[in-house]
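Student: I have a structure I would like to understand better, so I am pasting it below and will then ask my questions one at a time.
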2 protein chains.
Amino acid sequence: MSTTAAKGLEGVVAAETEMSFIDGTNGVLEYVGIAIDDLARQSSFEETVFLLWNRRLPTQPELDAFTKELRGKYAIPNELVEVLKHMPKSAQPMHALRTLVSALGAFDEDPNTVEPEAYRHKALNILAKAPTLVAYFARQRQGKDFVAPDESLSFAANFLYMLNGEKPTETMERAFDVCMILHADHGLNASTFTSRVIQSTLSDVYSAMSGAIGALRGPLHGGANEGVMRMLNEIGSLDKVDVYVQGKIDRKEKIMGFGHRVYKAYDPRATYLKTLAKRLAEDTGNQALYEMSHRIEVLMEEAVAAKGIYPNVDFYSATTYHAIGLELDLFTPMFALSRIAGWAGHCLEQLDGNRLIRPKAEYVGPHDVPYTPVTER
Amino acid sequence: MSTTAAKGLEGVVAAETEMSFIDGTNGVLEYVGIAIDDLARQSSFEETVFLLWNRRLPTQPELDAFTKELRGKYAIPNELVEVLKHMPKSAQPMHALRTLVSALGAFDEDPNTVEPEAYRHKALNILAKAPTLVAYFARQRQGKDFVAPDESLSFAANFLYMLNGEKPTETMERAFDVCMILHADHGLNASTFTSRVIQSTLSDVYSAMSGAIGALRGPLHGGANEGVMRMLNEIGSLDKVDVYVQGKIDRKEKIMGFGHRVYKAYDPRATYLKTLAKRLAEDTGNQALYEMSHRIEVLMEEAVAAKGIYPNVDFYSATTYHAIGLELDLFTPMFALSRIAGWAGHCLEQLDGNRLIRPKAEYVGPHDVPYTPVTER
């Protein structure tokens with residue numbers, strides 16, 4: 001028996017999850033039942049990852065142990081540094097990250113285990129090392145020396161330290177940490193689905209994570225906050241916002257960072273991030289950019305909020321990433337750093353009662369075609 | 001609206017294809033309408049790839065041009081050789097292949113294009129270089145010098161030449177070529193589906209191909225012919241076959257290489273391969289292995305053919321790969337070399353009228369959970 005699904009499998013329930021709950025109509029996102037805004041304001045990325053992987057918040061000793069293991073894995077082995085050194089300066093960071101996460105599997109003596117406890121440690125290892133890979137690659141192409149990870153620092157602070165060569169301010173660390181929390185999981189998006197399909201063959205964590213990075217690279221998926229930043233650069237200054245936005249509205253064109261396939265209400269991830277983006281802009285002298293963003297939101301609210309088009313998480317993460325010193329093509333890798341948490345969590349769910357994900361294709365070509373030798377064609 | 005699909009999306013039609021048609025009940029596999037057995041007997045892998053990507057057989061000038069382009073791309077650039085040299089001897093070949101195909105994307109100055117004509121050339125480039133990557137890796141871990149590709153040789157002959165350091169006999173070349181034809185495409189299996197999901201984000205050919213390699217690595221997918229070989233090694237000699245098979249039947253255990261999720265009749269890919277495997281065994285002095293395989297088939301036919309359990313393509317590709325000198329852990333990479341044709345063809349189909357593949361997950365966890373500070377847990 002076969003059922004023809006809607007294109008893109010829209011509306012088809014392909015898996016169960018206990019991690020994120022999305023109610024787009026009412027603008028709700030929960031991780032394991034906890035509102036995303038509560039987590040953004042009160043939790044840390046480390047605690048959020050524990051929450052997603054264990055379906056409950058950790059006790060203090062559990063959080064300490066988890067954090068200790070994560071920090072102990074920040075450093076990347078020399079043989080991987082050697083591979084990284086062979087990535088050309090011109091390489092796009094997502095291609096480099098996909099390659100280097102895959103390479104980690106080539107260096108693992110026991111890469112294929114899907115035993116949940118071992119899988120979890122391997123996933124944590126990838127999560128711990130991915131920021132190091134991105135930071136090293138980013139400094140290498142700028143001709144700068146690597147800054148080795150500092151195990152005394154949080155996931156967020158350590159990344160910014162390795163990237164910029166100096167410890168971040170408290171606001172920078174907090175803003176980045178919140179971005180990591182907000183992007184950690186979001187239902188069965190295309191990269192998460194990719195990781196589950198790969199995992200369903202009982203393949204390994206390196207295959208699942210590198211495959212998901214490849215899916216996230218796509219412009220229909222992970223590239224949106226990069227688009228927001230390009231738009232802000234294109235507009236150039238606050239006094240040009242009104243004309244730009246009105247022109248887009250008149251021509252019925254999309255404005256980057258507004259609207260979401262899922263959310264028809266205010267994106268619950270944008271609320272607190274907006275506050276943080278403002279504070280960060282003030283701290284780092286990026287007020288101009290923030291003011292442009294804010295003005296775009298005001299104009300869009302007057303024009304299209306009634307149609308359910310609101311700023312999404314990408315809108316304010318773009319200004320946040322810019323303010324903490326990230327180059328444009330590192331925005332999508334930031335998404336990947338955070339989403340590794342969601343991918344790995346989903347893969348653990350997939351492994352629990354796994355069944356191979358293998359839909360059908362409908363063949364729409366000819367039948368019974370004879371093979372004619374090339375001389376008779 | 002949402003529909004809960006069967007686990008593993010079984011029976012759900014997720015895409016249309018004009019490439020392969022499978023009728024498992026009647027044991028039919030066609031590529032673009034041409035019976036697989038006709039292609040195995042009369043076509044070449046090069047021609048089959050053209051057929052799959054263009055939905056028709058080539059004229060002689062078209063085939064010549066296609067072959068010339070493929071051969072011109074066998075060689076891998078020095079910078080990729082350097083990365084390959086950093087893959088440790090202990091690396092599993094599928095992890096190395098996934099990493100190196102991904103790395104090709106890092107070295108491409110324009111990796112992201114999804115314009116069909118450019119995409120096709122990039123896919124052909126990956127197809128041409130994948131055998132070189134596998135052969136180089138295989139020789140490197142044996143401490144042997146690389147054997148540079150020979151553009152005067154076919155895809156099949158060139159691979160065997162690079163691997164073994166000498167040109168293959170005609171039977172070896174033909175048997176390997178037929179294996180490549182037989183594995184080139186097979187509907188929406190898990191790795192092909194992976195490549196389409198990744199491609200549906202409008203990501204790039206390197207992301208799609210490396211993701212698919214990762215999915216193929218899984219024991220539920222690409223690892224079956226390796227399992228056949230392990231079984232033959234475990235049995236050891238012809239005189240032990242009867243006891244082994246009868247024991248398995250008595251204990252109702254599966255015999256590797258028999259039965260298929262799709263085929264309930266004789267796997268149409270096994271027919272001609274069986275003849276070739278026999279000829280190859282004679283030519284290479286591997287009769288003992290072939291005779292064991294044949295005896296297993298005879299016993300299984302008496303016992304379970306009535307239940308629709310027949311040898312599948314993996315059963316005779318195992319003895320074929322062994323006879324042409326392949327180490328056990330190179331069997332799945334062989335599957336990958338061939339299936340790149342199918343993956344790329346499906347991605348080209350996906351790009352034509354693309355829609356993001358994004359099913360839903362059903363959230364089955366708690367709601368409205370308060371965030372409690374760690375001190376209160």
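Naming works like this for the structure tokens: A, B, ... for the chains as they're shown, residue 1 at the start of each chain, ligands 1 onward in shown order.
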Env of Lys167 in chain B: 10 Å cut, atoms = only C-alpha atoms, seq-sep filter 6 positions within chain, self excluded. Answer as a PyMOL selection string.
Tutor: chain B and resi 150+153+157-161+173
Student: Print the selection's residues with N, CA and C atoms to a file, as a compact mmCIF listing (two decimals), in the first residue's frame.
Tutor:
```
# COMPACT_ATOMS: atom_id res chain seq x y z
N ASP B 150 44.79 6.32 -15.09
CA ASP B 150 45.14 6.21 -16.51
C ASP B 150 43.90 6.57 -17.33
N LEU B 153 41.80 4.36 -19.69
CA LEU B 153 41.02 3.23 -19.18
C LEU B 153 39.60 3.64 -18.81
N ALA B 157 38.08 -0.25 -15.24
CA ALA B 157 39.46 -0.69 -15.40
C ALA B 157 40.42 0.25 -14.68
N ASN B 158 40.14 1.54 -14.76
CA ASN B 158 41.01 2.51 -14.12
C ASN B 158 41.04 2.33 -12.61
N PHE B 159 39.87 2.07 -12.02
CA PHE B 159 39.85 1.88 -10.57
C PHE B 159 40.69 0.67 -10.18
N LEU B 160 40.49 -0.45 -10.89
CA LEU B 160 41.22 -1.67 -10.55
C LEU B 160 42.72 -1.49 -10.78
N TYR B 161 43.06 -0.71 -11.81
CA TYR B 161 44.47 -0.41 -12.08
C TYR B 161 45.08 0.41 -10.93
N GLU B 173 37.54 -6.55 -15.37
CA GLU B 173 36.98 -5.25 -15.73
C GLU B 173 35.48 -5.35 -15.96
```
Student: Using only C-alpha atoms, determine which residues lie at most 10 Å from range 230-243 of chain B, disregarding the query and same-chain residues fewer than 6 positions distant; provide the list as a list in words.
Tutor: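 Once the nearby chain positions are removed, what remains is Ala224, Ile249, Ile255, Met256, Gly257, Ala288, Leu289, Tyr290, Glu291, Met292, Ser293, His294, Arg295, Ile296, Leu299, Ala318, Thr319 and Leu328 of chain B.
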Student: For those residues, write C-alpha atoms to a file as an mmCIF file, in the first residue's frame.
Tutor:
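Okay, selection_35.cif is ready:
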```
data_model
loop_
_atom_site.group_PDB
_atom_site.id
_atom_site.type_symbol
_atom_site.label_atom_id
_atom_site.label_comp_id
_atom_site.auth_asym_id
_atom_site.auth_seq_id
_atom_site.Cartn_x
_atom_site.Cartn_y
_atom_site.Cartn_z
ATOM 1 C CA ALA B 224 25.135 -6.089 3.409
ATOM 2 C CA ILE B 249 17.348 -22.624 8.813
ATOM 3 C CA ILE B 255 21.371 -15.892 5.936
ATOM 4 C CA MET B 256 23.310 -12.881 4.673
ATOM 5 C CA GLY B 257 22.629 -12.021 1.041
ATOM 6 C CA ALA B 288 36.289 -22.533 -3.738
ATOM 7 C CA LEU B 289 34.511 -19.341 -2.726
ATOM 8 C CA TYR B 290 32.181 -19.458 -5.703
ATOM 9 C CA GLU B 291 31.326 -23.083 -5.041
ATOM 10 C CA MET B 292 30.450 -22.272 -1.449
ATOM 11 C CA SER B 293 28.149 -19.493 -2.639
ATOM 12 C CA HIS B 294 26.563 -21.739 -5.193
ATOM 13 C CA ARG B 295 25.994 -24.506 -2.650
ATOM 14 C CA ILE B 296 24.362 -22.029 -0.254
ATOM 15 C CA LEU B 299 20.313 -25.338 -0.248
ATOM 16 C CA ALA B 318 30.619 -10.238 -2.404
ATOM 17 C CA THR B 319 32.428 -13.065 -4.210
ATOM 18 C CA LEU B 328 36.407 -6.448 3.062
#
```
Student: If you measure from CA of Glu226 in chain B to CA of Glu327 in chain B, what distance in Å do you get, rounded to one decimal?
Tutor: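 Those two atoms sit 9.6 Å apart.
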Student: Within 6 Å of range 132-143 of chain A, counting only C-alpha atoms, which residues show up once you throw out same-chain ones fewer than 5 positions away? Write them as a list in words, please.
Tutor: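 Within the cut-off, the hits are Lys89, Met162 and Leu163 of chain A.
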Student: Find, counting only C-alpha atoms, the residue in B:Arg56, B:Lys144, B:Lys7, B:His95 that gets nearest to Tyr371 in chain A.
Tutor: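 With only C-alpha atoms as the atom set, the closest residue is B:Arg56.
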Student: Residues near Tyr206 in chain B, anyone? I mean within 8 Å using only C-alpha atoms, not counting same-chain ones fewer than 2 positions away, as a PyMOL selection string.
Tutor: (chain A and resi 214) or (chain B and resi 101-102+104-105+111+204+208-210)
Student: Those residues with all heavy atoms, as a JSON list (two decimals), in the first residue's frame please?
Tutor:
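Result went into out-v7.json, see below:
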```
[["chain", "number", "residue", "atom", "x", "y", "z"],
["A", 214, "GLY", "N", 25.64, 19.76, 6.15],
["A", 214, "GLY", "CA", 25.44, 19.96, 4.71],
["A", 214, "GLY", "C", 24.04, 20.46, 4.39],
["A", 214, "GLY", "O", 23.87, 21.31, 3.51],
["B", 101, "VAL", "N", 35.32, 13.50, -0.02],
["B", 101, "VAL", "CA", 34.32, 14.07, -0.94],
["B", 101, "VAL", "C", 33.87, 15.43, -0.41],
["B", 101, "VAL", "O", 33.70, 16.39, -1.17],
["B", 101, "VAL", "CB", 33.13, 13.10, -1.12],
["B", 101, "VAL", "CG1", 31.94, 13.80, -1.77],
["B", 101, "VAL", "CG2", 33.55, 11.89, -1.95],
["B", 102, "SER", "N", 33.71, 15.52, 0.90],
["B", 102, "SER", "CA", 33.36, 16.80, 1.51],
["B", 102, "SER", "C", 34.47, 17.83, 1.27],
["B", 102, "SER", "O", 34.21, 18.99, 0.94],
["B", 102, "SER", "CB", 33.13, 16.61, 3.01],
["B", 102, "SER", "OG", 32.89, 17.84, 3.64],
["B", 104, "LEU", "N", 36.50, 18.06, -1.16],
["B", 104, "LEU", "CA", 36.45, 18.55, -2.54],
["B", 104, "LEU", "C", 35.66, 19.86, -2.60],
["B", 104, "LEU", "O", 35.99, 20.76, -3.38],
["B", 104, "LEU", "CB", 35.76, 17.53, -3.44],
["B", 104, "LEU", "CG", 36.61, 16.59, -4.28],
["B", 104, "LEU", "CD1", 35.71, 15.63, -5.04],
["B", 104, "LEU", "CD2", 37.49, 17.37, -5.25],
["B", 105, "GLY", "N", 34.62, 19.96, -1.79],
["B", 105, "GLY", "CA", 33.80, 21.18, -1.74],
["B", 105, "GLY", "C", 34.56, 22.36, -1.17],
["B", 105, "GLY", "O", 34.33, 23.51, -1.56],
["B", 111, "PRO", "N", 31.47, 26.34, -5.06],
["B", 111, "PRO", "CA", 30.91, 25.03, -4.70],
["B", 111, "PRO", "C", 29.39, 24.96, -4.66],
["B", 111, "PRO", "O", 28.83, 23.86, -4.67],
["B", 111, "PRO", "CB", 31.48, 24.78, -3.30],
["B", 111, "PRO", "CG", 31.64, 26.16, -2.73],
["B", 111, "PRO", "CD", 32.02, 27.03, -3.88],
["B", 204, "ASP", "N", 24.46, 22.25, -1.66],
["B", 204, "ASP", "CA", 25.35, 21.95, -2.78],
["B", 204, "ASP", "C", 25.58, 20.45, -2.98],
["B", 204, "ASP", "O", 25.25, 19.63, -2.12],
["B", 204, "ASP", "CB", 26.69, 22.61, -2.51],
["B", 204, "ASP", "CG", 27.26, 22.11, -1.20],
["B", 204, "ASP", "OD1", 26.83, 22.59, -0.12],
["B", 204, "ASP", "OD2", 28.09, 21.20, -1.22],
["B", 208, "ALA", "N", 25.31, 17.09, -0.46],
["B", 208, "ALA", "CA", 24.38, 16.00, -0.77],
["B", 208, "ALA", "C", 25.12, 14.66, -0.89],
["B", 208, "ALA", "O", 24.67, 13.64, -0.36],
["B", 208, "ALA", "CB", 23.61, 16.31, -2.06],
["B", 209, "MET", "N", 26.26, 14.67, -1.59],
["B", 209, "MET", "CA", 26.98, 13.41, -1.81],
["B", 209, "MET", "C", 27.64, 12.91, -0.52],
["B", 209, "MET", "O", 27.60, 11.72, -0.21],
["B", 209, "MET", "CB", 28.04, 13.55, -2.92],
["B", 209, "MET", "CG", 27.49, 13.91, -4.28],
["B", 209, "MET", "SD", 26.29, 12.73, -4.97],
["B", 209, "MET", "CE", 24.80, 13.71, -4.96],
["B", 210, "SER", "N", 28.26, 13.81, 0.25],
["B", 210, "SER", "CA", 28.91, 13.35, 1.48],
["B", 210, "SER", "C", 27.86, 12.90, 2.50],
["B", 210, "SER", "O", 28.07, 11.92, 3.23],
["B", 210, "SER", "CB", 29.84, 14.42, 2.07],
["B", 210, "SER", "OG", 29.14, 15.61, 2.35]]
```
Student: Rank B:Gly187, B:Gly259, B:Pro131, B:Pro61 by their smallest atom-to-atom distance to His346 in chain B, using only C-alpha atoms, and report the top residue only.
Tutor: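 Looking only at the distances to His346 in chain B, the closest residue turns out to be B:Gly187.
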